[in-house]
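Trainee: The structure file run_15.txt (compact mmCIF, N, CA and C atoms) is provided below.
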# COMPACT_ATOMS: atom_id res chain seq x y z
N MET A 253 -146.33 -40.01 -35.80
CA MET A 253 -145.99 -39.28 -37.01
C MET A 253 -144.72 -39.88 -37.60
N PHE A 254 -144.57 -39.74 -38.87
CA PHE A 254 -143.39 -40.24 -39.55
C PHE A 254 -142.15 -39.49 -39.08
N PRO A 255 -141.06 -40.20 -38.76
CA PRO A 255 -139.83 -39.52 -38.33
C PRO A 255 -139.31 -38.53 -39.38
N VAL A 256 -139.44 -38.87 -40.66
CA VAL A 256 -138.99 -37.97 -41.73
C VAL A 256 -139.81 -36.69 -41.71
N ALA A 257 -141.10 -36.82 -41.45
CA ALA A 257 -141.98 -35.65 -41.39
C ALA A 257 -141.60 -34.76 -40.22
N LEU A 258 -141.34 -35.36 -39.07
CA LEU A 258 -140.94 -34.57 -37.90
C LEU A 258 -139.65 -33.82 -38.17
N GLN A 259 -138.70 -34.48 -38.82
CA GLN A 259 -137.44 -33.81 -39.13
C GLN A 259 -137.65 -32.65 -40.08
N ALA A 260 -138.51 -32.82 -41.07
CA ALA A 260 -138.80 -31.74 -42.01
C ALA A 260 -139.44 -30.56 -41.28
N LEU A 261 -140.37 -30.84 -40.38
CA LEU A 261 -141.02 -29.76 -39.62
C LEU A 261 -140.05 -29.09 -38.66
N ARG A 262 -139.14 -29.86 -38.06
CA ARG A 262 -138.12 -29.27 -37.19
C ARG A 262 -137.21 -28.33 -37.99
N SER A 263 -136.83 -28.75 -39.18
CA SER A 263 -135.98 -27.90 -40.04
C SER A 263 -136.70 -26.62 -40.40
N GLU A 264 -137.97 -26.73 -40.73
CA GLU A 264 -138.77 -25.55 -41.08
C GLU A 264 -138.85 -24.59 -39.90
N ALA A 265 -139.19 -25.10 -38.74
CA ALA A 265 -139.31 -24.26 -37.55
C ALA A 265 -137.95 -23.71 -37.13
N GLY A 266 -136.89 -24.48 -37.34
CA GLY A 266 -135.55 -24.01 -37.02
C GLY A 266 -135.16 -22.80 -37.86
N ALA A 267 -135.63 -22.76 -39.09
CA ALA A 267 -135.35 -21.62 -39.97
C ALA A 267 -136.05 -20.36 -39.47
N TRP A 268 -137.08 -20.51 -38.66
CA TRP A 268 -137.80 -19.36 -38.10
C TRP A 268 -137.07 -18.79 -36.89
N GLY A 269 -136.03 -19.49 -36.43
CA GLY A 269 -135.27 -19.02 -35.28
C GLY A 269 -135.88 -19.38 -33.94
N TRP A 270 -136.76 -20.35 -33.91
CA TRP A 270 -137.41 -20.76 -32.67
C TRP A 270 -136.44 -21.54 -31.80
N SER A 271 -136.64 -21.47 -30.49
CA SER A 271 -135.86 -22.28 -29.56
C SER A 271 -136.29 -23.74 -29.70
N ALA A 272 -135.45 -24.64 -29.21
CA ALA A 272 -135.78 -26.06 -29.25
C ALA A 272 -137.06 -26.34 -28.47
N GLU A 273 -137.23 -25.66 -27.34
CA GLU A 273 -138.43 -25.86 -26.52
C GLU A 273 -139.69 -25.41 -27.27
N ALA A 274 -139.62 -24.24 -27.89
CA ALA A 274 -140.78 -23.74 -28.66
C ALA A 274 -141.09 -24.66 -29.83
N MET A 275 -140.05 -25.17 -30.49
CA MET A 275 -140.24 -26.05 -31.63
C MET A 275 -140.94 -27.34 -31.21
N GLU A 276 -140.50 -27.94 -30.10
CA GLU A 276 -141.10 -29.19 -29.64
C GLU A 276 -142.53 -28.97 -29.16
N SER A 277 -142.80 -27.83 -28.56
CA SER A 277 -144.16 -27.50 -28.14
C SER A 277 -145.07 -27.39 -29.37
N TYR A 278 -144.58 -26.72 -30.39
CA TYR A 278 -145.31 -26.56 -31.66
C TYR A 278 -145.59 -27.94 -32.28
N LEU A 279 -144.56 -28.78 -32.36
CA LEU A 279 -144.74 -30.10 -32.97
C LEU A 279 -145.70 -30.96 -32.16
N GLY A 280 -145.69 -30.81 -30.85
CA GLY A 280 -146.61 -31.55 -30.00
C GLY A 280 -148.05 -31.12 -30.17
N ALA A 281 -148.25 -29.92 -30.67
CA ALA A 281 -149.60 -29.39 -30.86
C ALA A 281 -150.17 -29.65 -32.24
N VAL A 282 -149.33 -30.11 -33.18
CA VAL A 282 -149.81 -30.36 -34.55
C VAL A 282 -150.93 -31.39 -34.52
N ASP A 283 -152.01 -31.06 -35.20
CA ASP A 283 -153.21 -31.90 -35.18
C ASP A 283 -153.88 -31.83 -36.55
N LYS A 284 -154.52 -32.90 -36.95
CA LYS A 284 -155.18 -32.90 -38.26
C LYS A 284 -156.50 -32.14 -38.27
N ASP A 285 -157.06 -31.88 -37.10
CA ASP A 285 -158.37 -31.25 -37.04
C ASP A 285 -158.39 -29.85 -36.46
N SER A 286 -157.24 -29.34 -36.01
CA SER A 286 -157.23 -28.00 -35.43
C SER A 286 -155.90 -27.32 -35.75
N GLN A 287 -155.57 -26.26 -35.03
CA GLN A 287 -154.36 -25.50 -35.31
C GLN A 287 -153.27 -25.85 -34.32
N PRO A 288 -152.02 -25.96 -34.69
CA PRO A 288 -151.55 -26.00 -36.06
C PRO A 288 -151.92 -27.32 -36.74
N THR A 289 -152.08 -27.26 -38.03
CA THR A 289 -152.47 -28.43 -38.81
C THR A 289 -151.25 -28.98 -39.53
N GLY A 290 -151.10 -30.30 -39.53
CA GLY A 290 -149.99 -30.94 -40.22
C GLY A 290 -150.48 -31.66 -41.47
N TYR A 291 -149.65 -31.62 -42.49
CA TYR A 291 -149.96 -32.27 -43.76
C TYR A 291 -148.79 -33.17 -44.14
N LEU A 292 -149.06 -34.38 -44.56
CA LEU A 292 -148.03 -35.31 -45.00
C LEU A 292 -148.29 -35.64 -46.46
N PHE A 293 -147.26 -35.49 -47.26
CA PHE A 293 -147.36 -35.77 -48.69
C PHE A 293 -146.34 -36.83 -49.06
N MET A 294 -146.69 -37.63 -50.06
CA MET A 294 -145.74 -38.59 -50.60
C MET A 294 -145.55 -38.29 -52.07
N CYS A 295 -144.29 -38.15 -52.49
CA CYS A 295 -143.97 -37.91 -53.89
C CYS A 295 -144.36 -39.15 -54.69
N ARG A 296 -145.15 -38.95 -55.71
CA ARG A 296 -145.61 -40.08 -56.53
C ARG A 296 -144.53 -40.60 -57.46
N THR A 297 -143.45 -39.85 -57.60
CA THR A 297 -142.35 -40.29 -58.46
C THR A 297 -141.32 -41.10 -57.69
N CYS A 298 -140.87 -40.56 -56.55
CA CYS A 298 -139.79 -41.23 -55.81
C CYS A 298 -140.25 -41.90 -54.51
N GLY A 299 -141.48 -41.62 -54.06
CA GLY A 299 -142.00 -42.23 -52.83
C GLY A 299 -141.53 -41.55 -51.56
N ARG A 300 -140.80 -40.45 -51.67
CA ARG A 300 -140.31 -39.71 -50.50
C ARG A 300 -141.46 -38.97 -49.82
N TYR A 301 -141.45 -39.01 -48.49
CA TYR A 301 -142.46 -38.28 -47.73
C TYR A 301 -141.99 -36.86 -47.44
N MET A 302 -142.92 -35.92 -47.49
CA MET A 302 -142.64 -34.53 -47.18
C MET A 302 -143.75 -34.04 -46.26
N ALA A 303 -143.41 -33.11 -45.41
CA ALA A 303 -144.40 -32.61 -44.44
C ALA A 303 -144.46 -31.10 -44.49
N TYR A 304 -145.62 -30.60 -44.09
CA TYR A 304 -145.86 -29.17 -44.00
C TYR A 304 -146.84 -28.94 -42.86
N ALA A 305 -146.67 -27.87 -42.17
CA ALA A 305 -147.63 -27.50 -41.12
C ALA A 305 -147.87 -26.01 -41.19
N ASP A 306 -149.08 -25.62 -40.85
CA ASP A 306 -149.37 -24.19 -40.77
C ASP A 306 -150.27 -23.92 -39.60
N PHE A 307 -150.27 -22.68 -39.20
CA PHE A 307 -151.05 -22.27 -38.04
C PHE A 307 -151.76 -20.96 -38.31
N ALA A 308 -152.03 -20.71 -39.56
CA ALA A 308 -152.69 -19.45 -39.95
C ALA A 308 -154.18 -19.51 -39.86
If you convert what's in this file into structure tokens, what do you get?

Mentor:
Amino acid sequence: MFPVALQALRSEAGAWGWSAEAMESYLGAVDKDSQPTGYLFMCRTCGRYMAYADFA
């Protein structure tokens, strides 16, 4: 996974108040075909990558 994407997901999960262990477990489970699902976007204007994950 892109390092920038991982950092974005860590920041998001950190805002939820999760422990570092829970956050790393969550990130290790991110998968494109199951839950939680990760999404990577690239801004078409600046080329910056952004990430989002959900588990709903």

Trainee: Could you pull the residues within 8 Å of segment 278-286 of chain A, counting only N, CA and C atoms, minus those fewer than 6 positions along the same chain, as a list in words?

Mentor: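 That gives Leu258, Leu261, Arg262, Ala272, Ala305, Asp306 and Phe307 of chain A.
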
Trainee: Could you put an axis-aligned box around every listed atom of segment 284-302 of chain A, padded by 4 Å on each side, and send me its centre and edge lengths in Å to one decimal, as lines of an AutoDock Vina configuration file?

Mentor:
center_x = -149.1
center_y = -33.9
center_z = -46.4
size_x = 26.6
size_y = 24.7
size_z = 32.1

Trainee: Between atom CA of Ala257 of chain A and atom CA of Met294 of chain A, what is the distance in Å, rounded to a tenth?

Mentor: 10.4 Å

Trainee: Among segment 253-306 of chain A, which ones does DSSP place in strand (DSSP E), written as an mmCIF file with N, CA and C atoms, in the frame of the given file?

Mentor:
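The result, written out as part.cif:
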data_model
loop_
_atom_site.group_PDB
_atom_site.id
_atom_site.type_symbol
_atom_site.label_atom_id
_atom_site.label_comp_id
_atom_site.auth_asym_id
_atom_site.auth_seq_id
_atom_site.Cartn_x
_atom_site.Cartn_y
_atom_site.Cartn_z
ATOM 1 N N THR A 289 -152.080 -27.260 -38.030
ATOM 2 C CA THR A 289 -152.470 -28.430 -38.810
ATOM 3 C C THR A 289 -151.250 -28.980 -39.530
ATOM 4 N N GLY A 290 -151.100 -30.300 -39.530
ATOM 5 C CA GLY A 290 -149.990 -30.940 -40.220
ATOM 6 C C GLY A 290 -150.480 -31.660 -41.470
ATOM 7 N N TYR A 291 -149.650 -31.620 -42.490
ATOM 8 C CA TYR A 291 -149.960 -32.270 -43.760
ATOM 9 C C TYR A 291 -148.790 -33.170 -44.140
ATOM 10 N N LEU A 292 -149.060 -34.380 -44.560
ATOM 11 C CA LEU A 292 -148.030 -35.310 -45.000
ATOM 12 C C LEU A 292 -148.290 -35.640 -46.460
ATOM 13 N N PHE A 293 -147.260 -35.490 -47.260
ATOM 14 C CA PHE A 293 -147.360 -35.770 -48.690
ATOM 15 C C PHE A 293 -146.340 -36.830 -49.060
ATOM 16 N N MET A 294 -146.690 -37.630 -50.060
ATOM 17 C CA MET A 294 -145.740 -38.590 -50.600
ATOM 18 C C MET A 294 -145.550 -38.290 -52.070
ATOM 19 N N TYR A 301 -141.450 -39.010 -48.490
ATOM 20 C CA TYR A 301 -142.460 -38.280 -47.730
ATOM 21 C C TYR A 301 -141.990 -36.860 -47.440
ATOM 22 N N MET A 302 -142.920 -35.920 -47.490
ATOM 23 C CA MET A 302 -142.640 -34.530 -47.180
ATOM 24 C C MET A 302 -143.750 -34.040 -46.260
ATOM 25 N N ALA A 303 -143.410 -33.110 -45.410
ATOM 26 C CA ALA A 303 -144.400 -32.610 -44.440
ATOM 27 C C ALA A 303 -144.460 -31.100 -44.490
ATOM 28 N N TYR A 304 -145.620 -30.600 -44.090
ATOM 29 C CA TYR A 304 -145.860 -29.170 -44.000
ATOM 30 C C TYR A 304 -146.840 -28.940 -42.860
ATOM 31 N N ALA A 305 -146.670 -27.870 -42.170
ATOM 32 C CA ALA A 305 -147.630 -27.500 -41.120
ATOM 33 C C ALA A 305 -147.870 -26.010 -41.190
ATOM 34 N N ASP A 306 -149.080 -25.620 -40.850
ATOM 35 C CA ASP A 306 -149.370 -24.190 -40.770
ATOM 36 C C ASP A 306 -150.270 -23.920 -39.600
#

Trainee: Please compute the atom CA of Gln287 of chain A-atom N of Tyr304 of chain A distance, one decimal, in Å.

Mentor: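 Pair atom CA of Gln287 of chain A / atom N of Tyr304 of chain A returns 13.4 Å.
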
Trainee: Pull the alpha helix (DSSP H) assignments for chain A out of DSSP run on the backbone, and list those residues as a ChimeraX atom specification.

Mentor: /A:255-267,272-281
